file protein.txt (compact mmCIF, C-alpha atoms)
# COMPACT_ATOMS: atom_id res chain seq x y z
CA MET A 1 70.32 36.47 -8.20
CA ASN A 2 68.90 33.34 -6.57
CA ILE A 3 66.80 30.71 -8.32
CA LEU A 4 63.50 32.08 -6.94
CA GLN A 5 64.16 35.54 -8.37
CA THR A 6 65.23 33.97 -11.67
CA PHE A 7 61.99 32.01 -11.76
CA ARG A 8 59.92 35.15 -11.09
CA VAL A 9 61.64 37.06 -13.88
CA ALA A 10 61.13 34.12 -16.27
CA ILE A 11 57.41 33.84 -15.41
CA ARG A 12 56.87 37.58 -15.93
CA ALA A 13 58.59 37.37 -19.30
CA LEU A 14 56.41 34.44 -20.39
CA LEU A 15 53.19 36.08 -19.20
CA ARG A 16 53.89 39.19 -21.26
CA ASN A 17 53.17 37.06 -24.36
CA LYS A 18 50.57 34.57 -23.15
CA LEU A 19 49.37 33.44 -26.59
CA ARG A 20 52.88 32.95 -27.90
CA SER A 21 53.87 31.02 -24.77
CA PHE A 22 50.84 28.75 -25.18
CA LEU A 23 51.52 28.15 -28.87
CA THR A 24 55.13 27.35 -27.98
CA THR A 25 54.04 24.63 -25.56
CA LEU A 26 51.46 23.23 -27.98
CA GLY A 27 53.92 20.79 -29.56
CA ILE A 28 54.86 19.45 -26.12
CA ILE A 29 51.19 19.21 -25.11
CA ILE A 30 50.26 17.24 -28.22
CA GLY A 31 53.29 14.95 -27.94
CA VAL A 32 52.86 14.11 -24.26
CA SER A 33 49.08 13.66 -24.52
CA ALA A 34 49.51 11.39 -27.55
CA VAL A 35 52.09 9.24 -25.75
CA ILE A 36 49.95 8.93 -22.61
CA ALA A 37 46.74 8.19 -24.55
CA MET A 38 48.30 5.65 -26.92
CA VAL A 39 50.09 3.73 -24.19
CA ALA A 40 46.99 3.70 -21.95
CA ILE A 41 44.79 2.48 -24.80
CA GLY A 42 47.41 -0.07 -25.86
CA GLU A 43 47.69 -1.46 -22.32
CA GLY A 44 43.89 -1.61 -22.12
CA ALA A 45 43.72 -3.53 -25.40
CA LYS A 46 46.41 -5.90 -24.13
CA ALA A 47 44.42 -6.47 -20.93
CA ARG A 48 41.28 -7.17 -22.97
CA VAL A 49 43.19 -9.77 -25.03
CA GLU A 50 44.50 -11.39 -21.85
CA GLU A 51 40.98 -11.40 -20.38
CA SER A 52 39.53 -13.00 -23.51
CA PHE A 53 42.11 -15.78 -23.56
CA ALA A 54 41.91 -16.27 -19.79
CA SER A 55 38.20 -17.01 -20.23
CA MET A 56 39.14 -19.93 -22.50
CA GLY A 57 41.04 -21.60 -19.70
CA SER A 58 44.48 -21.73 -18.16
CA ASN A 59 47.47 -23.23 -19.98
CA LEU A 60 45.08 -24.78 -22.46
CA LEU A 61 45.72 -27.37 -25.17
CA VAL A 62 42.92 -28.74 -27.33
CA VAL A 63 43.48 -32.09 -29.05
CA LEU A 64 41.30 -32.62 -32.15
CA PRO A 65 40.83 -35.98 -33.91
CA GLY A 66 41.89 -36.59 -37.52
CA SER A 67 40.31 -35.74 -40.87
CA THR A 68 38.55 -37.89 -43.45
CA SER A 69 39.83 -38.37 -46.99
CA ALA A 70 37.60 -39.80 -49.72
CA GLY A 71 37.56 -39.27 -53.47
CA GLY A 72 40.29 -36.67 -53.23
CA GLN A 73 38.26 -34.60 -50.76
CA ARG A 74 39.65 -34.10 -47.28
CA GLY A 75 37.52 -33.18 -44.30
CA GLY A 76 38.68 -30.88 -41.55
CA PHE A 77 40.15 -31.98 -38.23
CA GLY A 78 37.45 -33.65 -36.16
CA SER A 79 35.70 -35.32 -39.09
CA LEU A 80 37.35 -38.72 -38.42
CA PRO A 81 37.47 -40.19 -34.88
CA THR A 82 41.08 -41.13 -34.14
CA LEU A 83 41.37 -40.41 -30.42
CA THR A 84 40.53 -43.25 -28.04
CA TRP A 85 39.62 -43.43 -24.39
CA ASP A 86 42.92 -45.26 -23.86
CA ASP A 87 44.68 -42.22 -25.39
CA LEU A 88 42.98 -40.02 -22.79
CA ARG A 89 44.04 -42.29 -19.95
CA ALA A 90 47.60 -42.40 -21.28
CA ILE A 91 47.73 -38.58 -21.46
CA ARG A 92 46.59 -38.36 -17.85
CA THR A 93 49.09 -40.92 -16.54
CA GLU A 94 52.14 -40.75 -18.83
CA VAL A 95 52.64 -37.01 -19.52
CA PRO A 96 54.30 -35.43 -16.46
CA THR A 97 53.58 -31.83 -17.47
CA ILE A 98 49.80 -32.40 -17.64
CA LYS A 99 47.67 -31.40 -14.66
CA TYR A 100 44.19 -32.09 -16.06
CA ALA A 101 42.72 -33.79 -19.12
CA ALA A 102 39.03 -34.06 -19.95
CA PRO A 103 36.93 -35.16 -22.94
CA GLN A 104 34.38 -32.85 -24.52
CA LEU A 105 31.53 -34.49 -26.43
CA ARG A 106 29.03 -32.21 -28.16
CA SER A 107 25.47 -32.37 -29.43
CA SER A 108 22.95 -29.72 -30.46
CA ALA A 109 19.61 -29.98 -28.70
CA GLN A 110 16.48 -28.08 -27.74
CA LEU A 111 16.16 -27.56 -23.99
CA LEU A 112 12.66 -27.26 -22.54
CA SER A 113 11.65 -25.90 -19.16
CA GLU A 114 8.04 -25.69 -17.98
CA ASP A 115 7.11 -22.77 -20.24
CA GLN A 116 10.21 -21.90 -22.31
CA ASN A 117 12.60 -23.58 -24.73
CA TRP A 118 16.02 -22.77 -26.09
CA GLY A 119 18.29 -24.42 -28.65
CA THR A 120 21.90 -24.68 -27.62
CA SER A 121 24.97 -26.91 -27.51
CA VAL A 122 24.98 -29.70 -24.94
CA TYR A 123 28.35 -31.05 -23.85
CA GLY A 124 29.28 -34.26 -22.09
CA THR A 125 32.38 -33.99 -19.95
CA THR A 126 34.01 -34.63 -16.57
CA THR A 127 34.84 -32.53 -13.52
CA GLU A 128 38.35 -31.75 -14.77
CA TYR A 129 36.92 -29.80 -17.71
CA PHE A 130 35.71 -27.00 -15.41
CA GLN A 131 39.08 -26.86 -13.65
CA ILE A 132 40.85 -26.52 -17.00
CA ARG A 133 38.46 -23.74 -18.04
CA ASN A 134 38.58 -21.96 -14.65
CA TRP A 135 34.80 -22.04 -14.62
CA PRO A 136 33.18 -21.81 -11.16
CA ILE A 137 29.53 -22.27 -10.19
CA ALA A 138 27.26 -19.26 -9.60
CA PHE A 139 24.21 -21.15 -8.24
CA GLY A 140 23.82 -24.69 -6.93
CA SER A 141 26.58 -27.30 -6.81
CA ALA A 142 29.49 -28.20 -9.05
CA MET A 143 29.78 -31.46 -10.97
CA THR A 144 31.36 -34.26 -8.93
CA ASP A 145 33.19 -37.47 -9.86
CA SER A 146 30.23 -39.37 -8.44
CA ASP A 147 27.92 -37.60 -10.93
CA VAL A 148 30.20 -38.65 -13.79
CA GLU A 149 30.61 -42.29 -12.73
CA SER A 150 26.99 -42.94 -11.76
CA GLY A 151 25.49 -41.39 -14.88
CA SER A 152 23.27 -39.06 -12.82
CA LYS A 153 20.81 -37.09 -14.92
CA PHE A 154 22.04 -33.68 -13.86
CA VAL A 155 22.57 -30.66 -16.10
CA PHE A 156 24.72 -27.59 -15.51
CA LEU A 157 23.53 -24.53 -17.40
CA GLY A 158 25.50 -21.64 -18.80
CA GLN A 159 24.22 -18.21 -17.73
CA THR A 160 22.65 -17.42 -21.12
CA VAL A 161 20.70 -20.70 -21.20
CA ALA A 162 19.53 -20.22 -17.60
CA ASP A 163 18.30 -16.69 -18.41
CA LYS A 164 16.43 -17.85 -21.51
CA LEU A 165 14.72 -20.78 -19.78
CA PHE A 166 14.02 -19.34 -16.32
CA GLY A 167 14.43 -15.56 -16.58
CA ALA A 168 17.26 -13.20 -15.72
CA ASN A 169 18.89 -13.59 -12.28
CA ALA A 170 16.74 -16.63 -11.45
CA ASP A 171 18.13 -19.59 -9.50
CA PRO A 172 16.80 -22.68 -11.34
CA THR A 173 18.57 -25.17 -9.09
CA GLY A 174 16.36 -28.23 -8.62
CA GLN A 175 14.16 -27.43 -11.64
CA LEU A 176 13.70 -29.97 -14.45
CA VAL A 177 14.87 -29.42 -18.02
CA ARG A 178 14.09 -31.85 -20.84
CA ILE A 179 16.90 -32.58 -23.29
CA LYS A 180 15.83 -34.73 -26.26
CA ASN A 181 12.73 -35.61 -24.24
CA VAL A 182 14.80 -36.86 -21.30
CA PRO A 183 14.30 -35.03 -17.98
CA PHE A 184 17.45 -33.66 -16.32
CA GLU A 185 17.62 -31.89 -12.98
CA VAL A 186 19.42 -28.52 -12.94
CA LYS A 187 22.13 -29.04 -10.34
CA GLY A 188 24.03 -25.82 -10.97
CA VAL A 189 24.37 -22.65 -13.03
CA LEU A 190 27.87 -21.72 -14.15
CA ALA A 191 29.32 -18.27 -13.53
CA LYS A 192 29.16 -15.84 -16.44
CA LYS A 193 32.07 -16.47 -18.79
CA GLY A 194 31.51 -13.92 -21.56
CA GLN A 195 32.58 -14.09 -25.18
CA SER A 196 35.55 -15.68 -26.90
CA PRO A 197 37.95 -13.57 -29.02
CA THR A 198 35.92 -14.67 -32.05
CA GLY A 199 32.59 -13.59 -30.55
CA GLN A 200 31.30 -16.99 -29.42
CA ASP A 201 29.07 -16.85 -26.34
CA TYR A 202 30.61 -19.26 -23.84
CA ASP A 203 27.51 -19.03 -21.64
CA ASP A 204 25.19 -20.36 -24.35
CA ALA A 205 25.84 -24.00 -23.41
CA ALA A 206 24.72 -26.80 -21.13
CA PHE A 207 26.87 -29.53 -19.58
CA VAL A 208 25.94 -33.07 -18.63
CA PRO A 209 28.08 -35.70 -16.81
CA LEU A 210 29.89 -37.84 -19.37
CA LYS A 211 28.17 -41.17 -18.73
CA ALA A 212 24.68 -39.64 -18.74
CA PHE A 213 25.51 -37.83 -22.00
CA GLN A 214 26.58 -41.10 -23.65
CA THR A 215 23.56 -43.09 -22.48
CA LYS A 216 20.78 -40.50 -22.68
CA ILE A 217 21.75 -37.91 -25.30
CA GLN A 218 24.26 -39.25 -27.79
CA GLY A 219 25.62 -42.78 -28.02
CA GLY A 220 29.39 -43.15 -28.04
CA LEU A 221 31.73 -44.78 -30.53
CA GLN A 222 32.85 -47.44 -28.07
CA GLN A 223 36.65 -47.17 -27.94
CA TYR A 224 36.81 -43.84 -29.83
CA ILE A 225 36.08 -40.38 -28.42
CA SER A 226 33.46 -38.64 -30.57
CA GLY A 227 34.77 -35.23 -29.63
CA THR A 228 37.90 -33.46 -28.46
CA ILE A 229 40.26 -33.61 -25.49
CA TYR A 230 40.91 -30.52 -23.35
CA ILE A 231 44.25 -30.46 -21.55
CA GLY A 232 45.48 -28.17 -18.79
CA ALA A 233 49.25 -27.98 -18.39
CA GLU A 234 50.90 -27.52 -14.99
CA SER A 235 51.89 -23.92 -15.83
CA SER A 236 52.02 -21.52 -18.75
CA SER A 237 55.75 -22.13 -19.09
CA ALA A 238 55.12 -25.89 -19.36
CA THR A 239 52.48 -25.61 -22.10
CA ASP A 240 54.90 -25.90 -25.04
CA LYS A 241 56.67 -28.86 -23.42
CA ALA A 242 53.31 -30.52 -22.73
CA GLU A 243 52.32 -30.07 -26.38
CA LYS A 244 55.48 -31.84 -27.56
CA GLN A 245 55.06 -34.67 -25.04
CA VAL A 246 51.41 -35.25 -25.98
CA THR A 247 52.33 -35.18 -29.68
CA ASN A 248 55.08 -37.77 -29.19
CA LEU A 249 52.80 -39.94 -27.04
CA LEU A 250 49.93 -39.96 -29.56
CA ARG A 251 52.24 -40.55 -32.53
CA ASP A 252 53.72 -43.53 -30.73
CA ARG A 253 50.32 -44.91 -29.69
CA HIS A 254 48.90 -44.47 -33.22
CA HIS A 255 52.00 -46.06 -34.79
CA ILE A 256 52.69 -43.08 -37.06
CA ARG A 257 55.94 -43.46 -39.00
CA PRO A 258 58.60 -40.72 -38.86
CA GLY A 259 57.86 -38.07 -41.48
CA ALA A 260 54.19 -39.06 -41.80
CA ASP A 261 51.41 -36.58 -40.97
CA ASP A 262 49.69 -36.71 -37.60
CA ASP A 263 46.17 -38.13 -37.50
CA PHE A 264 45.27 -35.53 -34.87
CA SER A 265 45.82 -31.81 -34.27
CA ILE A 266 46.85 -29.96 -31.13
CA ARG A 267 45.92 -26.31 -30.72
CA ASN A 268 48.04 -24.38 -28.26
CA LEU A 269 45.90 -21.41 -27.23
CA THR A 270 48.74 -20.02 -25.12
CA GLU A 271 50.72 -19.40 -28.31
CA LEU A 272 47.72 -17.71 -29.89
CA ALA A 273 47.32 -15.44 -26.88
CA ALA A 274 51.04 -14.59 -26.93
CA ALA A 275 50.84 -13.73 -30.64
CA GLN A 276 47.84 -11.45 -30.03
CA GLN A 277 49.63 -9.72 -27.16
CA GLU A 278 52.80 -9.28 -29.22
CA GLY A 279 50.78 -7.71 -32.03
CA THR A 280 49.12 -5.32 -29.59
CA LYS A 281 52.48 -4.47 -28.03
CA THR A 282 54.02 -3.74 -31.44
CA LEU A 283 51.12 -1.47 -32.40
CA THR A 284 51.34 0.38 -29.07
CA THR A 285 55.09 0.88 -29.50
CA LEU A 286 54.59 2.19 -33.03
CA LEU A 287 51.93 4.67 -31.95
CA ALA A 288 54.00 5.81 -28.96
CA SER A 289 57.03 6.30 -31.23
CA ILE A 290 55.02 8.43 -33.62
CA ALA A 291 53.73 10.45 -30.68
CA ALA A 292 57.31 10.90 -29.41
CA VAL A 293 58.17 12.62 -32.67
CA SER A 294 55.67 15.31 -31.66
CA LEU A 295 57.79 15.93 -28.56
CA LEU A 296 60.81 16.48 -30.76
CA VAL A 297 58.87 18.88 -32.96
CA GLY A 298 57.67 20.66 -29.82
CA GLY A 299 61.27 21.03 -28.65
CA ILE A 300 62.27 22.61 -31.95
CA GLY A 301 59.34 24.99 -31.56
CA ILE A 302 60.59 26.00 -28.12
CA MET A 303 64.08 26.65 -29.49
CA ASN A 304 62.72 28.79 -32.34
CA ILE A 305 60.54 30.92 -30.09
CA MET A 306 63.34 31.33 -27.55
CA LEU A 307 65.67 32.53 -30.31
CA VAL A 308 63.05 35.06 -31.36
CA SER A 309 62.67 36.08 -27.73
CA VAL A 310 66.43 36.62 -27.39
CA THR A 311 66.41 38.86 -30.46
CA GLU A 312 63.40 40.85 -29.24
CA ARG A 313 64.84 41.29 -25.76
CA THR A 314 68.42 42.12 -26.72
CA ARG A 315 68.15 45.64 -25.30
CA GLU A 316 66.59 44.26 -22.07
CA ILE A 317 69.50 41.82 -21.75
CA GLY A 318 71.94 44.70 -22.20
CA VAL A 319 70.25 46.72 -19.45
CA ARG A 320 70.36 43.76 -17.07
CA MET A 321 74.04 43.24 -17.76
CA ALA A 322 74.70 46.93 -17.29
CA VAL A 323 73.16 46.89 -13.79
CA GLY A 324 75.20 43.87 -12.69
CA ALA A 325 73.73 40.67 -14.16
CA ASN A 326 76.47 38.25 -15.21
CA PRO A 327 76.30 35.78 -18.14
CA GLY A 328 75.34 32.98 -15.73
CA ASN A 329 72.25 34.94 -14.62
CA ILE A 330 71.15 35.47 -18.22
CA LEU A 331 71.78 31.83 -19.08
CA ALA A 332 69.75 30.70 -16.05
CA GLN A 333 66.86 33.02 -16.89
CA PHE A 334 66.40 31.73 -20.43
CA LEU A 335 66.91 28.11 -19.38
CA VAL A 336 64.24 28.51 -16.68
CA GLU A 337 61.88 30.03 -19.26
CA ALA A 338 62.39 27.10 -21.63
CA LEU A 339 62.09 24.59 -18.76
CA THR A 340 58.90 26.23 -17.51
CA LEU A 341 57.33 26.11 -20.97
CA SER A 342 58.19 22.43 -21.46
CA ILE A 343 57.10 21.27 -17.99
CA ALA A 344 53.84 23.24 -18.22
CA GLY A 345 53.23 21.67 -21.61
CA GLY A 346 54.01 18.25 -20.19
CA LEU A 347 51.56 18.59 -17.29
CA ILE A 348 48.78 19.86 -19.56
CA GLY A 349 49.61 17.05 -21.99
CA ILE A 350 49.27 14.43 -19.23
CA ALA A 351 45.82 15.70 -18.26
CA LEU A 352 44.72 15.86 -21.89
CA GLY A 353 46.17 12.39 -22.60
CA LEU A 354 44.32 10.80 -19.69
CA LEU A 355 41.08 12.46 -20.76
CA THR A 356 41.56 11.30 -24.36
CA ALA A 357 42.36 7.75 -23.25
CA ARG A 358 39.21 7.66 -21.13
CA ARG A 359 37.02 8.90 -23.99
CA LEU A 360 38.48 6.42 -26.48
CA ALA A 361 38.23 3.56 -24.00
CA ASP A 362 34.56 4.32 -23.35
CA GLN A 363 33.94 4.38 -27.08
CA PHE A 364 35.66 1.05 -27.77
CA GLY A 365 34.60 -0.63 -24.52
CA TRP A 366 38.21 -1.21 -23.41
CA PRO A 367 39.70 -0.80 -19.94
CA VAL A 368 42.14 2.07 -19.42
CA LEU A 369 45.42 1.06 -17.77
CA VAL A 370 47.50 4.10 -16.91
CA ARG A 371 51.17 3.35 -16.37
CA PRO A 372 52.73 5.70 -13.78
CA ASP A 373 56.19 5.02 -15.21
CA ILE A 374 55.09 6.34 -18.62
CA ILE A 375 53.71 9.51 -16.99
CA LEU A 376 57.00 10.02 -15.12
CA ILE A 377 59.00 9.42 -18.30
CA ALA A 378 56.81 11.91 -20.19
CA VAL A 379 57.41 14.63 -17.58
CA ILE A 380 61.17 13.97 -17.47
CA PHE A 381 61.37 13.86 -21.25
CA SER A 382 59.47 17.12 -21.63
CA ALA A 383 61.84 18.73 -19.08
CA LEU A 384 64.85 17.43 -21.02
CA VAL A 385 63.36 18.81 -24.22
CA GLY A 386 63.15 22.24 -22.56
CA VAL A 387 66.74 22.09 -21.30
CA VAL A 388 68.26 20.71 -24.52
CA PHE A 389 66.43 22.98 -26.92
CA GLY A 390 66.58 25.99 -24.61
CA LEU A 391 70.33 25.72 -24.05
CA TYR A 392 71.39 27.21 -27.38
CA PRO A 393 69.16 30.34 -27.16
CA ALA A 394 70.18 30.76 -23.49
CA ARG A 395 73.88 30.57 -24.34
CA LYS A 396 73.40 33.02 -27.20
CA ALA A 397 71.71 35.47 -24.85
CA SER A 398 74.41 35.08 -22.16
CA GLN A 399 77.21 35.75 -24.66
CA LEU A 400 75.82 39.07 -25.91
CA ASP A 401 78.09 42.10 -25.51
CA PRO A 402 76.40 44.55 -23.10
CA ILE A 403 77.39 47.64 -25.14
CA ASP A 404 76.15 46.13 -28.44
CA ALA A 405 72.98 44.98 -26.68
CA LEU A 406 72.25 48.48 -25.37
CA ARG A 407 72.70 49.92 -28.85
CA PHE A 408 70.31 47.36 -30.36
CA GLU A 409 67.09 48.89 -31.76
call {"tool": "encode", "arguments": {"input": "protein.txt", "output": "structure tokens"}}
result
Amino acid sequence: MNILQTFRVAIRALLRNKLRSFLTTLGIIIGVSAVIAMVAIGEGAKARVEESFASMGSNLLVVLPGSTSAGGQRGGFGSLPTLTWDDLRAIRTEVPTIKYAAPQLRSSAQLLSEDQNWGTSVYGTTTEYFQIRNWPIAFGSAMTDSDVESGSKFVFLGQTVADKLFGANADPTGQLVRIKNVPFEVKGVLAKKGQSPTGQDYDDAAFVPLKAFQTKIQGGLQQYISGTIYIGAESSSATDKAEKQVTNLLRDRHHIRPGADDDFSIRNLTELAAAQQEGTKTLTTLLASIAAVSLLVGGIGIMNIMLVSVTERTREIGVRMAVGANPGNILAQFLVEALTLSIAGGLIGIALGLLTARRLADQFGWPVLVRPDIILIAVIFSALVGVVFGLYPARKASQLDPIDALRFE
């Protein structure tokens, strides 16, 4: 008997008990669909984490000034100016792993257009800040070094601020906006950035060239930076090295003794992103492992049903042996039946898993990233389950004595 005839006999046998065949594959269906859905959702969550941290900027370090201490009470980092403009210049010139470094000064202000107003954060910075943050311009022109050095009264609006002051999808380039009663010309509107992992709206902000910010909005502290320093490392692999080099440089410049606490703080957002991704990966692996147990349970279900089928069809097996079927033919028939059940369950499970992943992703607002390798592994694994758990019942059927089988009632 060739493989095609064996397959036909196996299909006819399975179709005689459609409900039982379906219930047999149910464990495989649930297991495969759970694996596909959990991995797809996990990959989508990982992509969302990467997207959130990418919106912060590439290879980003944030240097915060020190904290105050008075009467036993200590303020948080940023409450005491300890970073100087000379520190910023030294970071730019003396740290080889640094590509960009820019100050960020901040003030809260009410912005007024001709007929609208909006309270937001106004930042003073340089051109390098937007390169560190990977933040392009949607309308108008980008900030230039000439704008920074000349103290030009230009303002660059985040998308949220532009919408609130001039209406959605408007191009306010060339319009005037008053900040603390000082008129600034809108030179550009930044591309939409979205939200941070903590829910902060990046687009609810306005940016002014550094010199204009210091002279028109908020006076500086002379040699000290009244804000933070944003640093962009050369690459993601160089971020940790850059953090160590900046730390050593600032400790040396601030004459901090060995063992003493830093009078500044460096936040490595690359490490935070990696920790978030590792947590997501661990959760995905855990869920996929739990789902894989369902495949094992489904395999046991196939073995049990196949054993029952062997017992029920003992007389049929005897008749087939009596008319010339050898043990190999019987073994092949029952193996093909088990393999057909498991593969059918695997294919149905894949379709159900993709549908479930899509529904869950729509509910949570996550992207769905389907991994073809996981689908292939699920199909192969379900086939192996059929072969492994179908082998024992198939061998039992092939080793039956034809005379005893024909006598079986």
call {"tool": "atom_distance", "arguments": {"input": "protein.txt", "atom1": "atom CA of Ala34 of chain A", "atom2": "atom CA of Gly365 of chain A"}}
result
19.4 Å
call {"tool": "atom_distance", "arguments": {"input": "protein.txt", "atom1": "atom CA of Gly349 of chain A", "atom2": "atom CA of Ala397 of chain A"}}
result
28.9 Å
call {"tool": "closest_residue", "arguments": {"input": "protein.txt", "among": "A:Ala101, A:Asn17, A:Ile28, A:Thr340", "to": "Val293 of chain A", "atoms": "all atoms listed in the file"}}
result
A:Ile28
call {"tool": "residues_near_point", "arguments": {"input": "protein.txt", "point": "(29.9, -23.4, -14.6)", "cutoff": "12 Å", "atoms": "all atoms listed in the file", "output": "ChimeraX atom specification"}}
result
/A:55,127-143,155-162,186-194,202-208
call {"tool": "write_last_selection", "arguments": {"input": "protein.txt", "atoms": "C-alpha atoms", "output": "tab-separated table (two decimals), in the coordinates of the input"}}
result
chain	number	residue	atom	x	y	z
A	55	SER	CA	38.20	-17.01	-20.23
A	127	THR	CA	34.84	-32.53	-13.52
A	128	GLU	CA	38.35	-31.75	-14.77
A	129	TYR	CA	36.92	-29.80	-17.71
A	130	PHE	CA	35.71	-27.00	-15.41
A	131	GLN	CA	39.08	-26.86	-13.65
A	132	ILE	CA	40.85	-26.52	-17.00
A	133	ARG	CA	38.46	-23.74	-18.04
A	134	ASN	CA	38.58	-21.96	-14.65
A	135	TRP	CA	34.80	-22.04	-14.62
A	136	PRO	CA	33.18	-21.81	-11.16
A	137	ILE	CA	29.53	-22.27	-10.19
A	138	ALA	CA	27.26	-19.26	-9.60
A	139	PHE	CA	24.21	-21.15	-8.24
A	140	GLY	CA	23.82	-24.69	-6.93
A	141	SER	CA	26.58	-27.30	-6.81
A	142	ALA	CA	29.49	-28.20	-9.05
A	143	MET	CA	29.78	-31.46	-10.97
A	155	VAL	CA	22.57	-30.66	-16.10
A	156	PHE	CA	24.72	-27.59	-15.51
A	157	LEU	CA	23.53	-24.53	-17.40
A	158	GLY	CA	25.50	-21.64	-18.80
A	159	GLN	CA	24.22	-18.21	-17.73
A	160	THR	CA	22.65	-17.42	-21.12
A	161	VAL	CA	20.70	-20.70	-21.20
A	162	ALA	CA	19.53	-20.22	-17.60
A	186	VAL	CA	19.42	-28.52	-12.94
A	187	LYS	CA	22.13	-29.04	-10.34
A	188	GLY	CA	24.03	-25.82	-10.97
A	189	VAL	CA	24.37	-22.65	-13.03
A	190	LEU	CA	27.87	-21.72	-14.15
A	191	ALA	CA	29.32	-18.27	-13.53
A	192	LYS	CA	29.16	-15.84	-16.44
A	193	LYS	CA	32.07	-16.47	-18.79
A	194	GLY	CA	31.51	-13.92	-21.56
A	202	TYR	CA	30.61	-19.26	-23.84
A	203	ASP	CA	27.51	-19.03	-21.64
A	204	ASP	CA	25.19	-20.36	-24.35
A	205	ALA	CA	25.84	-24.00	-23.41
A	206	ALA	CA	24.72	-26.80	-21.13
A	207	PHE	CA	26.87	-29.53	-19.58
A	208	VAL	CA	25.94	-33.07	-18.63
call {"tool": "closest_atom_pairs", "arguments": {"input": "protein.txt", "of": "segment 79-147 of chain A", "to": "segment 222-236 of chain A", "cutoff": "9 Å", "atoms": "only C-alpha atoms", "output": "tab-separated table"}}
result
residue	atom	partner	partner_atom	distance
A:Leu80	CA	A:Ser226	CA	8.8
A:Pro81	CA	A:Ser226	CA	6.1
A:Thr82	CA	A:Tyr224	CA	6.6
A:Leu83	CA	A:Ile225	CA	5.7
A:Thr84	CA	A:Tyr224	CA	4.2
A:Trp85	CA	A:Gln223	CA	6.0
A:Asp86	CA	A:Gln223	CA	7.7
A:Leu88	CA	A:Ile229	CA	7.5
A:Ile91	CA	A:Ile231	CA	8.8
A:Pro96	CA	A:Glu234	CA	8.7
A:Thr97	CA	A:Glu234	CA	5.6
A:Ile98	CA	A:Ala233	CA	4.5
A:Lys99	CA	A:Glu234	CA	5.1
A:Tyr100	CA	A:Gly232	CA	4.9
A:Ala101	CA	A:Ile231	CA	4.4
A:Ala102	CA	A:Tyr230	CA	5.3
A:Pro103	CA	A:Ile229	CA	4.5
A:Gln104	CA	A:Thr228	CA	5.3
A:Leu105	CA	A:Gly227	CA	4.6
A:Arg106	CA	A:Gly227	CA	6.7
A:Glu128	CA	A:Gly232	CA	8.9
A:Tyr129	CA	A:Tyr230	CA	6.9
A:Gln131	CA	A:Gly232	CA	8.3
A:Ile132	CA	A:Gly232	CA	5.2
A:Arg133	CA	A:Gly232	CA	8.3
call {"tool": "write_last_selection", "arguments": {"input": "protein.txt", "atoms": "C-alpha atoms", "output": "short mmCIF file (atom, residue, chain, number, x, y, z; two decimals), in the coordinates of the input"}}
result
data_model
loop_
_atom_site.label_atom_id
_atom_site.label_comp_id
_atom_site.auth_asym_id
_atom_site.auth_seq_id
_atom_site.Cartn_x
_atom_site.Cartn_y
_atom_site.Cartn_z
CA LEU A 80 37.35 -38.72 -38.42
CA PRO A 81 37.47 -40.19 -34.88
CA THR A 82 41.08 -41.13 -34.14
CA LEU A 83 41.37 -40.41 -30.42
CA THR A 84 40.53 -43.25 -28.04
CA TRP A 85 39.62 -43.43 -24.39
CA ASP A 86 42.92 -45.26 -23.86
CA LEU A 88 42.98 -40.02 -22.79
CA ILE A 91 47.73 -38.58 -21.46
CA PRO A 96 54.30 -35.43 -16.46
CA THR A 97 53.58 -31.83 -17.47
CA ILE A 98 49.80 -32.40 -17.64
CA LYS A 99 47.67 -31.40 -14.66
CA TYR A 100 44.19 -32.09 -16.06
CA ALA A 101 42.72 -33.79 -19.12
CA ALA A 102 39.03 -34.06 -19.95
CA PRO A 103 36.93 -35.16 -22.94
CA GLN A 104 34.38 -32.85 -24.52
CA LEU A 105 31.53 -34.49 -26.43
CA ARG A 106 29.03 -32.21 -28.16
CA GLU A 128 38.35 -31.75 -14.77
CA TYR A 129 36.92 -29.80 -17.71
CA GLN A 131 39.08 -26.86 -13.65
CA ILE A 132 40.85 -26.52 -17.00
CA ARG A 133 38.46 -23.74 -18.04
#
call {"tool": "atom_distance", "arguments": {"input": "protein.txt", "atom1": "atom CA of Val63 of chain A", "atom2": "atom CA of Ser146 of chain A"}}
result
25.6 Å
call {"tool": "closest_residue", "arguments": {"input": "protein.txt", "among": "A:Asn268, A:Ser382, A:Gln399, A:Gln363", "to": "Ala344 of chain A", "atoms": "all atoms listed in the file"}}
result
A:Ser382
call {"tool": "residues_near_point", "arguments": {"input": "protein.txt", "point": "(10.0, -34.4, -13.9)", "cutoff": "12 Å", "atoms": "only C-alpha atoms", "output": "count of residues only"}}
result
16
call {"tool": "axis_aligned_box", "arguments": {"input": "protein.txt", "around": "segment 310-325 of chain A", "padding_each_side": "6 Å", "output": "AutoDock Vina command-line options"}}
result
--center_x 69.3 --center_y 41.8 --center_z -21.6 --size_x 23.8 --size_y 22.3 --size_z 29.8
call {"tool": "closest_residue", "arguments": {"input": "protein.txt", "among": "A:Leu347, A:Ala394, A:Val370, A:Leu296", "to": "Ser309 of chain A", "atoms": "only C-alpha atoms"}}
result
A:Ala394
call {"tool": "residues_around", "arguments": {"input": "protein.txt", "residues": "Lys396 of chain A", "least_positions_apart": "4", "cutoff": "9 Å", "atoms": "only C-alpha atoms", "output": "PDB file with C-alpha atoms, in the coordinates of the input"}}
result
ATOM      1  CA  LEU A 307      65.670  32.530 -30.310  1.00  0.00           C
ATOM      2  CA  VAL A 310      66.430  36.620 -27.390  1.00  0.00           C
ATOM      3  CA  LEU A 331      71.780  31.830 -19.080  1.00  0.00           C
ATOM      4  CA  LEU A 391      70.330  25.720 -24.050  1.00  0.00           C
ATOM      5  CA  TYR A 392      71.390  27.210 -27.380  1.00  0.00           C
ATOM      6  CA  LEU A 400      75.820  39.070 -25.910  1.00  0.00           C
TER       7      LEU A 400
END
